[in-house]
Amino acid sequence: MPVSRHLIALSAAVCLAAGLAAAPATAEPRPRTLAELAKKHHKYFGSATDNPEFTDAAYLKLLGSEFGQTTPGNAMKWETTEPRRGVFDFTAAEEVMTFAKAHHQKVRGHTLVWHNQLPAWLTERSWTADELRAVLKNHIQTEVRHFKGRVIHWDVVNEAFNEDGTYRESLFYKTLGPGYIADALRWAHEIDPHAKLYLNDYNVDGIGPKSDAYHSLIKQLKADGVPVEGFGIQGHLALQYGFPADVRQNMQRFADLGVEVAVTELDIRMPLPATPEKLATQATWYADYVKACLAVEKCVGVTVWDYTDKYSWIPSVFPGEGAALPYDENLTPKPAYHAIRKVLGG
Ligand code: XIL
């Protein structure tokens with residue numbers, strides 16, 4: 001065999017071995033992304049993100065291609081957006097907005113009123129009800145005005161209830177009483193009537209005292225004409241606590257109240273180390289959770305709380321736990337990723 005033919009044969013063999021055979025004339029279509037697959041069901045599939053990750057090009061490439069929606073993980077929180085009273089800073093949030101716009105992603109606004117990640121100027125003194133009401137209204141309306149027309153949802157109030165369904169004794173509740181929730185919704189709606197206004201919480205996946213409290217509250221708010229339009233189920237699950245088997249029924253009972261539902265912060269953590277068995281269970285849970293959303297017409301989409309274990313918040317908050325997301329620390333898809341694709345029809 002002449003040298004050149006020998007080389008061609010050899011390189012073809014190498015290519016084949018590497019799975020890199022030259023593309024046939026009719027090339028296989030590019031596999032659909034999670035965003036594209038979800039869109040066929042009229043839902044979005046998204047991922048949270050955070051500013052420190054914006055130096056990681058490989059991370060950004062997947063964030064921008066695989067996901068049709070994003071949520072700033074921290075950039076829109078009170079301590080970041082109003083670090084001094086009346087002085088607003090949307091620089092970090094704008095970085096996320098610019099990325100989202102460039103990649104045609106919807107953005108969920110997170111979050112206007114929450115007991116965590118508040119600036120010291122707000123928590124380190126006491127307020128009269130009138131003072132705090134003015135501060136809260138100004139915070140909400142300034143932030144909503146800034147992003148007007150650019151976010152699809154606002155998590156207006158985050159984590160308002162305790163596990164037993166009683167109101168969380170936050171600064172806002174203690175100073176203003178439960179009416180702060182209706183006020184917050186009305187103030188936000190006054191500025192951006194097109195953003196869907198959500199209440200958002202964790203441990204409300206299934207039916208229980210905490211989700212019951214939201215069900216009653218939303219029913220009452222609706223009856224009072226308060227602009228509540230969505231219920232956000234964070235979905236921070238853990239393998240050791242079991243899967244919420246009634247998540248679909250729970251979503252449906254909120255839909256039946258006339259609000260939409262979103263899975264806003266899905267992750268499924270496990271005690272480390274991850275094993276093939278645990279990762280297989282995790283994959284089933286992700287699939288079942290996404291399946292529940294697909295089965296409920298008013299479930300508008302699913303957001304994972306970042307997409308890679310490289311940037312998950314879990315290990316820092318739940319020591320000894322982790323591996324909660326559909327991609328591993330090397331940005332390689334895990335069984336969970338493949339299971340989600342399959343449920344979406346990929
Ligand atoms: C988390 C962020 O991911 C972390 O980076 C931050 O240190 C703490 O907050 N519920 C919420 C989110 O509504 O805002 C939280 O995000 C996770 C729990």
# chains A, B, ... in the order shown; residues from 1 in each chain; ligands from 1

$ residues_near_ligand --ligand "ligand 1" --cutoff "7 Å" --atoms "only C-alpha atoms and all ligand atoms" --output "PyMOL selection string"
chain A and resi 73-74+158+201+234+305+313

$ write_last_selection --atoms "N, CA, C and O atoms" --output "short mmCIF file (atom, residue, chain, number, x, y, z; two decimals), in the first residue's frame"
data_model
loop_
_atom_site.label_atom_id
_atom_site.label_comp_id
_atom_site.auth_asym_id
_atom_site.auth_seq_id
_atom_site.Cartn_x
_atom_site.Cartn_y
_atom_site.Cartn_z
N GLY A 73 -28.82 34.29 41.29
CA GLY A 73 -28.84 33.59 42.58
C GLY A 73 -28.73 34.53 43.76
O GLY A 73 -29.23 34.24 44.85
N ASN A 74 -28.06 35.65 43.58
CA ASN A 74 -27.86 36.62 44.67
C ASN A 74 -28.02 38.08 44.24
O ASN A 74 -28.30 38.93 45.08
N ASN A 158 -40.44 36.04 49.73
CA ASN A 158 -39.77 34.75 49.79
C ASN A 158 -39.83 34.21 51.22
O ASN A 158 -39.54 34.94 52.17
N ASP A 201 -41.32 29.59 48.23
CA ASP A 201 -40.84 28.99 49.48
C ASP A 201 -40.29 27.59 49.25
O ASP A 201 -40.48 27.00 48.17
N GLN A 234 -39.72 26.09 45.58
CA GLN A 234 -38.26 26.09 45.41
C GLN A 234 -37.75 24.71 45.00
O GLN A 234 -36.95 24.57 44.09
N TRP A 305 -31.16 25.20 40.67
CA TRP A 305 -30.47 26.26 41.43
C TRP A 305 -28.98 26.17 41.14
O TRP A 305 -28.18 25.74 41.93
N TRP A 313 -24.78 25.81 45.91
CA TRP A 313 -24.71 26.41 47.26
C TRP A 313 -24.73 25.34 48.35
O TRP A 313 -24.45 25.63 49.51
#

$ residues_around --residues "A:Trp285" --least-positions-apart "5" --cutoff "9 Å" --atoms "only C-alpha atoms" --output "number ranges by chain"
A: 239, 243, 268, 280, 290, 336

$ atom_distance --atom1 "atom CA of A:Val204" --atom2 "atom CA of A:Val96"
27.7 Å

$ residues_around --residues "stretch 136-146 of chain A" --least-positions-apart "6" --cutoff "8 Å" --atoms "only C-alpha atoms" --output "PyMOL selection string"
chain A and resi 81-82+86+112-113+184+187-188+191-192

$ write_last_selection --atoms "N, CA and C atoms" --output "PDB file, in the first residue's frame"
ATOM      1  N   THR A  81     -28.728  45.119  46.221  1.00  0.00           N
ATOM      2  CA  THR A  81     -29.345  46.170  45.403  1.00  0.00           C
ATOM      3  C   THR A  81     -29.529  47.493  46.141  1.00  0.00           C
ATOM      4  N   GLU A  82     -29.626  47.441  47.489  1.00  0.00           N
ATOM      5  CA  GLU A  82     -29.747  48.701  48.241  1.00  0.00           C
ATOM      6  C   GLU A  82     -28.814  48.639  49.454  1.00  0.00           C
ATOM      7  N   GLY A  86     -31.575  54.000  50.427  1.00  0.00           N
ATOM      8  CA  GLY A  86     -31.866  54.913  49.328  1.00  0.00           C
ATOM      9  C   GLY A  86     -30.812  54.943  48.235  1.00  0.00           C
ATOM     10  N   LEU A 112     -37.652  40.298  46.286  1.00  0.00           N
ATOM     11  CA  LEU A 112     -37.848  41.667  46.807  1.00  0.00           C
ATOM     12  C   LEU A 112     -37.921  41.712  48.332  1.00  0.00           C
ATOM     13  N   VAL A 113     -38.651  40.789  48.941  1.00  0.00           N
ATOM     14  CA  VAL A 113     -38.859  40.819  50.397  1.00  0.00           C
ATOM     15  C   VAL A 113     -38.508  39.449  50.973  1.00  0.00           C
ATOM     16  N   ALA A 184     -46.896  44.460  49.612  1.00  0.00           N
ATOM     17  CA  ALA A 184     -45.746  44.256  48.728  1.00  0.00           C
ATOM     18  C   ALA A 184     -46.213  43.907  47.311  1.00  0.00           C
ATOM     19  N   TRP A 187     -47.729  47.062  45.649  1.00  0.00           N
ATOM     20  CA  TRP A 187     -46.697  48.051  45.281  1.00  0.00           C
ATOM     21  C   TRP A 187     -45.929  47.604  44.037  1.00  0.00           C
ATOM     22  N   ALA A 188     -45.628  46.310  43.966  1.00  0.00           N
ATOM     23  CA  ALA A 188     -44.894  45.808  42.798  1.00  0.00           C
ATOM     24  C   ALA A 188     -45.763  45.908  41.544  1.00  0.00           C
ATOM     25  N   ILE A 191     -46.122  49.227  39.665  1.00  0.00           N
ATOM     26  CA  ILE A 191     -45.007  49.659  38.818  1.00  0.00           C
ATOM     27  C   ILE A 191     -44.895  48.800  37.553  1.00  0.00           C
ATOM     28  N   ASP A 192     -44.974  47.487  37.697  1.00  0.00           N
ATOM     29  CA  ASP A 192     -44.838  46.611  36.523  1.00  0.00           C
ATOM     30  C   ASP A 192     -46.004  45.626  36.482  1.00  0.00           C
TER      31      ASP A 192
END

$ atom_distance --atom1 "atom CA of A:Thr166" --atom2 "atom CA of A:Pro227"
22.0 Å

$ residues_around --residues "A:Pro315" --least-positions-apart "2" --cutoff "12 Å" --atoms "only C-alpha atoms" --output "PyMOL selection string"
chain A and resi 269-273+309-313+317-325

$ write_last_selection --atoms "N, CA and C atoms" --output "PDB file, in the first residue's frame"
ATOM      1  N   ARG A 269     -30.010  17.108  46.756  1.00  0.00           N
ATOM      2  CA  ARG A 269     -28.717  16.824  47.366  1.00  0.00           C
ATOM      3  C   ARG A 269     -28.691  15.417  47.957  1.00  0.00           C
ATOM      4  N   MET A 270     -27.489  15.002  48.343  1.00  0.00           N
ATOM      5  CA  MET A 270     -27.329  13.666  48.913  1.00  0.00           C
ATOM      6  C   MET A 270     -26.164  13.700  49.893  1.00  0.00           C
ATOM      7  N   PRO A 271     -26.157  12.770  50.844  1.00  0.00           N
ATOM      8  CA  PRO A 271     -24.968  12.670  51.697  1.00  0.00           C
ATOM      9  C   PRO A 271     -23.805  12.222  50.821  1.00  0.00           C
ATOM     10  N   LEU A 272     -22.662  12.895  50.955  1.00  0.00           N
ATOM     11  CA  LEU A 272     -21.481  12.539  50.157  1.00  0.00           C
ATOM     12  C   LEU A 272     -20.783  11.340  50.786  1.00  0.00           C
ATOM     13  N   PRO A 273     -20.104  10.494  50.049  1.00  0.00           N
ATOM     14  CA  PRO A 273     -19.853  10.631  48.618  1.00  0.00           C
ATOM     15  C   PRO A 273     -21.041  10.175  47.774  1.00  0.00           C
ATOM     16  N   ASP A 309     -22.499  21.031  39.876  1.00  0.00           N
ATOM     17  CA  ASP A 309     -22.018  20.852  41.252  1.00  0.00           C
ATOM     18  C   ASP A 309     -20.826  21.775  41.556  1.00  0.00           C
ATOM     19  N   LYS A 310     -20.193  22.252  40.512  1.00  0.00           N
ATOM     20  CA  LYS A 310     -19.066  23.179  40.688  1.00  0.00           C
ATOM     21  C   LYS A 310     -19.506  24.445  41.433  1.00  0.00           C
ATOM     22  N   TYR A 311     -20.748  24.874  41.184  1.00  0.00           N
ATOM     23  CA  TYR A 311     -21.209  26.143  41.769  1.00  0.00           C
ATOM     24  C   TYR A 311     -22.452  26.000  42.638  1.00  0.00           C
ATOM     25  N   SER A 312     -22.708  24.811  43.145  1.00  0.00           N
ATOM     26  CA  SER A 312     -23.880  24.615  43.992  1.00  0.00           C
ATOM     27  C   SER A 312     -23.679  25.265  45.364  1.00  0.00           C
ATOM     28  N   TRP A 313     -24.778  25.810  45.914  1.00  0.00           N
ATOM     29  CA  TRP A 313     -24.712  26.410  47.257  1.00  0.00           C
ATOM     30  C   TRP A 313     -24.732  25.343  48.350  1.00  0.00           C
ATOM     31  N   VAL A 317     -23.677  25.106  52.859  1.00  0.00           N
ATOM     32  CA  VAL A 317     -24.787  25.290  53.807  1.00  0.00           C
ATOM     33  C   VAL A 317     -25.172  23.976  54.492  1.00  0.00           C
ATOM     34  N   PHE A 318     -24.972  22.860  53.803  1.00  0.00           N
ATOM     35  CA  PHE A 318     -25.278  21.535  54.360  1.00  0.00           C
ATOM     36  C   PHE A 318     -23.993  20.715  54.338  1.00  0.00           C
ATOM     37  N   PRO A 319     -23.161  20.856  55.384  1.00  0.00           N
ATOM     38  CA  PRO A 319     -21.860  20.166  55.382  1.00  0.00           C
ATOM     39  C   PRO A 319     -22.037  18.655  55.210  1.00  0.00           C
ATOM     40  N   GLY A 320     -21.205  18.084  54.365  1.00  0.00           N
ATOM     41  CA  GLY A 320     -21.266  16.642  54.130  1.00  0.00           C
ATOM     42  C   GLY A 320     -22.257  16.244  53.054  1.00  0.00           C
ATOM     43  N   GLU A 321     -22.984  17.214  52.521  1.00  0.00           N
ATOM     44  CA  GLU A 321     -23.941  16.921  51.453  1.00  0.00           C
ATOM     45  C   GLU A 321     -23.532  17.653  50.176  1.00  0.00           C
ATOM     46  N   GLY A 322     -24.078  17.198  49.055  1.00  0.00           N
ATOM     47  CA  GLY A 322     -23.739  17.861  47.795  1.00  0.00           C
ATOM     48  C   GLY A 322     -24.205  17.053  46.607  1.00  0.00           C
ATOM     49  N   ALA A 323     -23.455  17.182  45.498  1.00  0.00           N
ATOM     50  CA  ALA A 323     -23.739  16.467  44.235  1.00  0.00           C
ATOM     51  C   ALA A 323     -25.192  16.648  43.812  1.00  0.00           C
ATOM     52  N   ALA A 324     -25.735  17.859  44.018  1.00  0.00           N
ATOM     53  CA  ALA A 324     -27.184  18.090  43.935  1.00  0.00           C
ATOM     54  C   ALA A 324     -27.699  18.428  42.538  1.00  0.00           C
ATOM     55  N   LEU A 325     -26.804  18.669  41.600  1.00  0.00           N
ATOM     56  CA  LEU A 325     -27.243  19.242  40.316  1.00  0.00           C
ATOM     57  C   LEU A 325     -27.044  18.286  39.143  1.00  0.00           C
TER      58      LEU A 325
END

$ select_by_dssp --residues "stretch 15-199 of chain A" --states "strand (DSSP E)" --output "mmCIF file with all heavy atoms, in the first residue's frame"
data_model
loop_
_atom_site.group_PDB
_atom_site.id
_atom_site.type_symbol
_atom_site.label_atom_id
_atom_site.label_comp_id
_atom_site.auth_asym_id
_atom_site.auth_seq_id
_atom_site.Cartn_x
_atom_site.Cartn_y
_atom_site.Cartn_z
ATOM 1 N N TYR A 44 -40.469 26.621 30.190
ATOM 2 C CA TYR A 44 -39.044 26.923 30.085
ATOM 3 C C TYR A 44 -38.268 25.939 30.951
ATOM 4 O O TYR A 44 -38.810 25.345 31.888
ATOM 5 C CB TYR A 44 -38.748 28.380 30.494
ATOM 6 C CG TYR A 44 -39.123 28.732 31.918
ATOM 7 C CD1 TYR A 44 -38.341 28.322 33.005
ATOM 8 C CD2 TYR A 44 -40.280 29.470 32.196
ATOM 9 C CE1 TYR A 44 -38.687 28.640 34.300
ATOM 10 C CE2 TYR A 44 -40.642 29.787 33.504
ATOM 11 C CZ TYR A 44 -39.842 29.366 34.546
ATOM 12 O OH TYR A 44 -40.201 29.660 35.842
ATOM 13 N N PHE A 45 -36.998 25.759 30.626
ATOM 14 C CA PHE A 45 -36.098 25.033 31.522
ATOM 15 C C PHE A 45 -34.905 25.951 31.764
ATOM 16 O O PHE A 45 -34.221 26.372 30.833
ATOM 17 C CB PHE A 45 -35.637 23.694 30.939
ATOM 18 C CG PHE A 45 -35.119 22.772 32.011
ATOM 19 C CD1 PHE A 45 -35.958 21.831 32.605
ATOM 20 C CD2 PHE A 45 -33.822 22.891 32.482
ATOM 21 C CE1 PHE A 45 -35.504 21.015 33.640
ATOM 22 C CE2 PHE A 45 -33.353 22.080 33.517
ATOM 23 C CZ PHE A 45 -34.197 21.137 34.085
ATOM 24 N N GLY A 46 -34.691 26.305 33.033
ATOM 25 C CA GLY A 46 -33.699 27.328 33.337
ATOM 26 C C GLY A 46 -32.705 26.919 34.409
ATOM 27 O O GLY A 46 -32.809 25.849 35.017
ATOM 28 N N SER A 47 -31.748 27.818 34.623
ATOM 29 C CA SER A 47 -30.757 27.627 35.685
ATOM 30 C C SER A 47 -30.475 28.961 36.349
ATOM 31 O O SER A 47 -30.362 29.988 35.678
ATOM 32 C CB SER A 47 -29.446 27.086 35.093
ATOM 33 O OG SER A 47 -28.410 27.135 36.070
ATOM 34 N N ALA A 48 -30.332 28.924 37.659
ATOM 35 C CA ALA A 48 -29.831 30.100 38.375
ATOM 36 C C ALA A 48 -28.367 30.303 37.995
ATOM 37 O O ALA A 48 -27.702 29.390 37.505
ATOM 38 C CB ALA A 48 -29.946 29.888 39.882
ATOM 39 N N THR A 49 -27.894 31.516 38.232
ATOM 40 C CA THR A 49 -26.471 31.781 38.031
ATOM 41 C C THR A 49 -26.033 32.854 39.015
ATOM 42 O O THR A 49 -26.865 33.481 39.661
ATOM 43 C CB THR A 49 -26.166 32.198 36.584
ATOM 44 O OG1 THR A 49 -24.744 32.215 36.410
ATOM 45 C CG2 THR A 49 -26.703 33.591 36.261
ATOM 46 N N GLN A 69 -33.861 30.065 30.462
ATOM 47 C CA GLN A 69 -34.289 30.997 31.506
ATOM 48 C C GLN A 69 -33.175 31.052 32.533
ATOM 49 O O GLN A 69 -32.467 30.073 32.746
ATOM 50 C CB GLN A 69 -35.601 30.475 32.133
ATOM 51 C CG GLN A 69 -36.181 31.295 33.263
ATOM 52 C CD GLN A 69 -35.618 30.913 34.619
ATOM 53 O OE1 GLN A 69 -35.226 29.767 34.852
ATOM 54 N NE2 GLN A 69 -35.565 31.865 35.533
ATOM 55 N N THR A 70 -33.025 32.198 33.185
ATOM 56 C CA THR A 70 -32.076 32.259 34.287
ATOM 57 C C THR A 70 -32.636 33.094 35.438
ATOM 58 O O THR A 70 -33.560 33.898 35.246
ATOM 59 C CB THR A 70 -30.689 32.772 33.836
ATOM 60 O OG1 THR A 70 -29.745 32.535 34.889
ATOM 61 C CG2 THR A 70 -30.684 34.253 33.507
ATOM 62 N N THR A 71 -32.102 32.840 36.617
ATOM 63 C CA THR A 71 -32.450 33.594 37.828
ATOM 64 C C THR A 71 -31.144 34.009 38.483
ATOM 65 O O THR A 71 -30.291 33.143 38.715
ATOM 66 C CB THR A 71 -33.231 32.706 38.822
ATOM 67 O OG1 THR A 71 -34.356 32.116 38.164
ATOM 68 C CG2 THR A 71 -33.706 33.521 40.027
ATOM 69 N N PRO A 72 -30.955 35.298 38.774
ATOM 70 C CA PRO A 72 -29.755 35.673 39.514
ATOM 71 C C PRO A 72 -29.823 35.078 40.921
ATOM 72 O O PRO A 72 -30.785 35.323 41.655
ATOM 73 C CB PRO A 72 -29.810 37.199 39.581
ATOM 74 C CG PRO A 72 -30.899 37.620 38.641
ATOM 75 C CD PRO A 72 -31.822 36.445 38.488
ATOM 76 N N LYS A 106 -35.280 34.110 29.335
ATOM 77 C CA LYS A 106 -36.198 34.786 30.256
ATOM 78 C C LYS A 106 -35.486 34.937 31.598
ATOM 79 O O LYS A 106 -34.620 34.127 31.933
ATOM 80 C CB LYS A 106 -37.460 33.943 30.475
ATOM 81 C CG LYS A 106 -38.267 33.598 29.230
ATOM 82 C CD LYS A 106 -39.393 32.653 29.624
ATOM 83 C CE LYS A 106 -40.042 31.963 28.445
ATOM 84 N NZ LYS A 106 -40.772 32.833 27.534
ATOM 85 N N VAL A 107 -35.895 35.944 32.373
ATOM 86 C CA VAL A 107 -35.294 36.140 33.697
ATOM 87 C C VAL A 107 -36.387 36.175 34.757
ATOM 88 O O VAL A 107 -37.407 36.853 34.581
ATOM 89 C CB VAL A 107 -34.482 37.456 33.753
ATOM 90 C CG1 VAL A 107 -33.903 37.670 35.154
ATOM 91 C CG2 VAL A 107 -33.359 37.440 32.711
ATOM 92 N N ARG A 108 -36.177 35.432 35.841
ATOM 93 C CA ARG A 108 -37.046 35.548 37.018
ATOM 94 C C ARG A 108 -36.366 36.497 38.006
ATOM 95 O O ARG A 108 -35.188 36.320 38.328
ATOM 96 C CB ARG A 108 -37.259 34.199 37.732
ATOM 97 C CG ARG A 108 -37.945 33.113 36.897
ATOM 98 C CD ARG A 108 -38.413 31.927 37.767
ATOM 99 N NE ARG A 108 -39.589 32.277 38.549
ATOM 100 C CZ ARG A 108 -39.613 32.550 39.838
ATOM 101 N NH1 ARG A 108 -38.513 32.488 40.561
ATOM 102 N NH2 ARG A 108 -40.739 32.896 40.442
ATOM 103 N N GLY A 109 -37.096 37.460 38.492
ATOM 104 C CA GLY A 109 -36.566 38.389 39.488
ATOM 105 C C GLY A 109 -36.658 37.761 40.870
ATOM 106 O O GLY A 109 -37.718 37.330 41.297
ATOM 107 N N HIS A 110 -35.539 37.733 41.591
ATOM 108 C CA HIS A 110 -35.462 37.053 42.897
ATOM 109 C C HIS A 110 -34.535 37.844 43.805
ATOM 110 O O HIS A 110 -33.354 37.907 43.488
ATOM 111 C CB HIS A 110 -34.950 35.625 42.689
ATOM 112 C CG HIS A 110 -34.701 34.875 43.954
ATOM 113 N ND1 HIS A 110 -35.708 34.253 44.648
ATOM 114 C CD2 HIS A 110 -33.564 34.651 44.656
ATOM 115 C CE1 HIS A 110 -35.187 33.659 45.725
ATOM 116 N NE2 HIS A 110 -33.902 33.884 45.747
ATOM 117 N N THR A 111 -34.949 38.413 44.871
ATOM 118 C CA THR A 111 -36.274 38.452 45.453
ATOM 119 C C THR A 111 -36.444 39.801 46.137
ATOM 120 O O THR A 111 -35.447 40.381 46.569
ATOM 121 C CB THR A 111 -36.472 37.271 46.441
ATOM 122 O OG1 THR A 111 -37.749 37.350 47.063
ATOM 123 C CG2 THR A 111 -35.404 37.225 47.513
ATOM 124 N N LEU A 112 -37.652 40.298 46.286
ATOM 125 C CA LEU A 112 -37.848 41.667 46.807
ATOM 126 C C LEU A 112 -37.921 41.712 48.332
ATOM 127 O O LEU A 112 -37.358 42.607 48.958
ATOM 128 C CB LEU A 112 -39.109 42.265 46.190
ATOM 129 C CG LEU A 112 -39.064 42.430 44.658
ATOM 130 C CD1 LEU A 112 -40.436 42.815 44.116
ATOM 131 C CD2 LEU A 112 -38.014 43.466 44.257
ATOM 132 N N VAL A 113 -38.651 40.789 48.941
ATOM 133 C CA VAL A 113 -38.859 40.819 50.397
ATOM 134 C C VAL A 113 -38.508 39.449 50.973
ATOM 135 O O VAL A 113 -39.143 38.443 50.622
ATOM 136 C CB VAL A 113 -40.333 41.146 50.748
ATOM 137 C CG1 VAL A 113 -40.458 41.413 52.243
ATOM 138 C CG2 VAL A 113 -40.850 42.328 49.941
ATOM 139 N N HIS A 153 -41.116 37.209 35.972
ATOM 140 C CA HIS A 153 -41.709 37.001 37.297
ATOM 141 C C HIS A 153 -40.930 37.812 38.324
ATOM 142 O O HIS A 153 -39.738 38.045 38.149
ATOM 143 C CB HIS A 153 -41.561 35.536 37.782
ATOM 144 C CG HIS A 153 -42.118 34.490 36.875
ATOM 145 N ND1 HIS A 153 -41.749 33.165 36.969
ATOM 146 C CD2 HIS A 153 -43.023 34.557 35.874
ATOM 147 C CE1 HIS A 153 -42.405 32.448 36.068
ATOM 148 N NE2 HIS A 153 -43.178 33.274 35.371
ATOM 149 N N TRP A 154 -41.605 38.136 39.418
ATOM 150 C CA TRP A 154 -40.908 38.567 40.637
ATOM 151 C C TRP A 154 -41.260 37.628 41.777
ATOM 152 O O TRP A 154 -42.458 37.384 42.016
ATOM 153 C CB TRP A 154 -41.322 39.995 41.043
ATOM 154 C CG TRP A 154 -40.458 41.040 40.427
ATOM 155 C CD1 TRP A 154 -40.834 41.957 39.467
ATOM 156 C CD2 TRP A 154 -39.076 41.294 40.722
ATOM 157 N NE1 TRP A 154 -39.759 42.743 39.145
ATOM 158 C CE2 TRP A 154 -38.674 42.368 39.898
ATOM 159 C CE3 TRP A 154 -38.145 40.714 41.584
ATOM 160 C CZ2 TRP A 154 -37.368 42.873 39.927
ATOM 161 C CZ3 TRP A 154 -36.845 41.217 41.600
ATOM 162 C CH2 TRP A 154 -36.472 42.291 40.779
ATOM 163 N N ASP A 155 -40.262 37.118 42.461
ATOM 164 C CA ASP A 155 -40.505 36.497 43.760
ATOM 165 C C ASP A 155 -40.660 37.675 44.724
ATOM 166 O O ASP A 155 -39.677 38.193 45.251
ATOM 167 C CB ASP A 155 -39.323 35.605 44.175
ATOM 168 C CG ASP A 155 -39.261 34.322 43.361
ATOM 169 O OD1 ASP A 155 -40.320 33.862 42.885
ATOM 170 O OD2 ASP A 155 -38.144 33.782 43.204
ATOM 171 N N VAL A 156 -41.893 38.111 44.895
ATOM 172 C CA VAL A 156 -42.121 39.339 45.671
ATOM 173 C C VAL A 156 -41.817 39.071 47.141
ATOM 174 O O VAL A 156 -41.080 39.811 47.780
ATOM 175 C CB VAL A 156 -43.556 39.852 45.479
ATOM 176 C CG1 VAL A 156 -43.811 41.075 46.358
ATOM 177 C CG2 VAL A 156 -43.784 40.207 44.012
ATOM 178 N N VAL A 157 -42.406 38.008 47.682
ATOM 179 C CA VAL A 157 -42.107 37.647 49.071
ATOM 180 C C VAL A 157 -41.565 36.215 49.074
ATOM 181 O O VAL A 157 -42.157 35.307 48.485
ATOM 182 C CB VAL A 157 -43.349 37.758 49.977
ATOM 183 C CG1 VAL A 157 -42.985 37.385 51.420
ATOM 184 C CG2 VAL A 157 -43.922 39.179 49.930
ATOM 185 N N ASN A 158 -40.444 36.042 49.731
ATOM 186 C CA ASN A 158 -39.767 34.748 49.787
ATOM 187 C C ASN A 158 -39.826 34.207 51.217
ATOM 188 O O ASN A 158 -39.535 34.941 52.171
ATOM 189 C CB ASN A 158 -38.297 34.967 49.367
ATOM 190 C CG ASN A 158 -37.572 33.692 48.974
ATOM 191 O OD1 ASN A 158 -38.181 32.750 48.463
ATOM 192 N ND2 ASN A 158 -36.263 33.665 49.196
ATOM 193 N N LYS A 196 -45.299 38.724 36.382
ATOM 194 C CA LYS A 196 -46.150 37.878 37.226
ATOM 195 C C LYS A 196 -45.574 37.865 38.639
ATOM 196 O O LYS A 196 -44.374 37.618 38.818
ATOM 197 C CB LYS A 196 -46.192 36.448 36.668
ATOM 198 C CG LYS A 196 -46.849 36.356 35.298
ATOM 199 C CD LYS A 196 -48.316 36.014 35.428
ATOM 200 C CE LYS A 196 -49.097 36.289 34.177
ATOM 201 N NZ LYS A 196 -49.177 35.202 33.232
ATOM 202 N N LEU A 197 -46.432 38.106 39.607
ATOM 203 C CA LEU A 197 -45.962 38.264 40.982
ATOM 204 C C LEU A 197 -46.152 36.979 41.776
ATOM 205 O O LEU A 197 -47.259 36.449 41.872
ATOM 206 C CB LEU A 197 -46.693 39.431 41.644
ATOM 207 C CG LEU A 197 -46.546 40.759 40.884
ATOM 208 C CD1 LEU A 197 -47.208 41.896 41.654
ATOM 209 C CD2 LEU A 197 -45.076 41.097 40.595
ATOM 210 N N TYR A 198 -45.048 36.499 42.349
ATOM 211 C CA TYR A 198 -44.999 35.191 43.011
ATOM 212 C C TYR A 198 -44.758 35.295 44.513
ATOM 213 O O TYR A 198 -44.075 36.191 44.989
ATOM 214 C CB TYR A 198 -43.832 34.376 42.431
ATOM 215 C CG TYR A 198 -44.142 33.589 41.182
ATOM 216 C CD1 TYR A 198 -44.463 34.236 39.993
ATOM 217 C CD2 TYR A 198 -44.115 32.197 41.196
ATOM 218 C CE1 TYR A 198 -44.743 33.494 38.844
ATOM 219 C CE2 TYR A 198 -44.383 31.460 40.055
ATOM 220 C CZ TYR A 198 -44.699 32.111 38.877
ATOM 221 O OH TYR A 198 -44.969 31.374 37.751
ATOM 222 N N LEU A 199 -45.282 34.301 45.219
ATOM 223 C CA LEU A 199 -44.821 33.963 46.563
ATOM 224 C C LEU A 199 -44.009 32.683 46.392
ATOM 225 O O LEU A 199 -44.399 31.798 45.618
ATOM 226 C CB LEU A 199 -46.003 33.734 47.512
ATOM 227 C CG LEU A 199 -46.995 34.900 47.634
ATOM 228 C CD1 LEU A 199 -48.119 34.539 48.599
ATOM 229 C CD2 LEU A 199 -46.292 36.189 48.070
#

$ closest_residue --among "A:Glu190, A:Glu79, A:Glu53, A:Glu36" --to "A:Thr308" --atoms "only C-alpha atoms"
A:Glu53

$ closest_residue --among "A:Ala295, A:Leu62, A:Ala35, A:Ala283" --to "A:Thr332" --atoms "only C-alpha atoms"
A:Leu62

$ atom_distance --atom1 "atom CA of A:Ala92" --atom2 "atom CA of A:Phe54"
10.5 Å

$ residues_around --residues "A:Arg341" --least-positions-apart "4" --cutoff "10 Å" --atoms "only C-alpha atoms" --output "list of chain:residue names"
A:Arg32, A:Thr33, A:Leu34, A:Ala35, A:Leu37, A:Ala38, A:Ala287, A:Val290, A:Pro335, A:Ala336, A:Tyr337, A:Gly345, A:Gly346

$ residues_around --residues "A:Gln117" --least-positions-apart "3" --cutoff "8 Å" --atoms "only C-alpha atoms" --output "count of residues only"
4

$ closest_residue --among "A:Val247, A:Leu171, A:Leu185, A:Ala27" --to "A:Gly208" --atoms "only C-alpha atoms"
A:Val247

$ closest_residue --among "A:Val87, A:Leu279, A:Ile314, A:Val259" --to "A:Lys298" --atoms "only C-alpha atoms"
A:Val259

$ closest_residue --among "A:Glu28, A:Arg168, A:His115, A:Asp183" --to "A:Ala134" --atoms "only C-alpha atoms"
A:Asp183
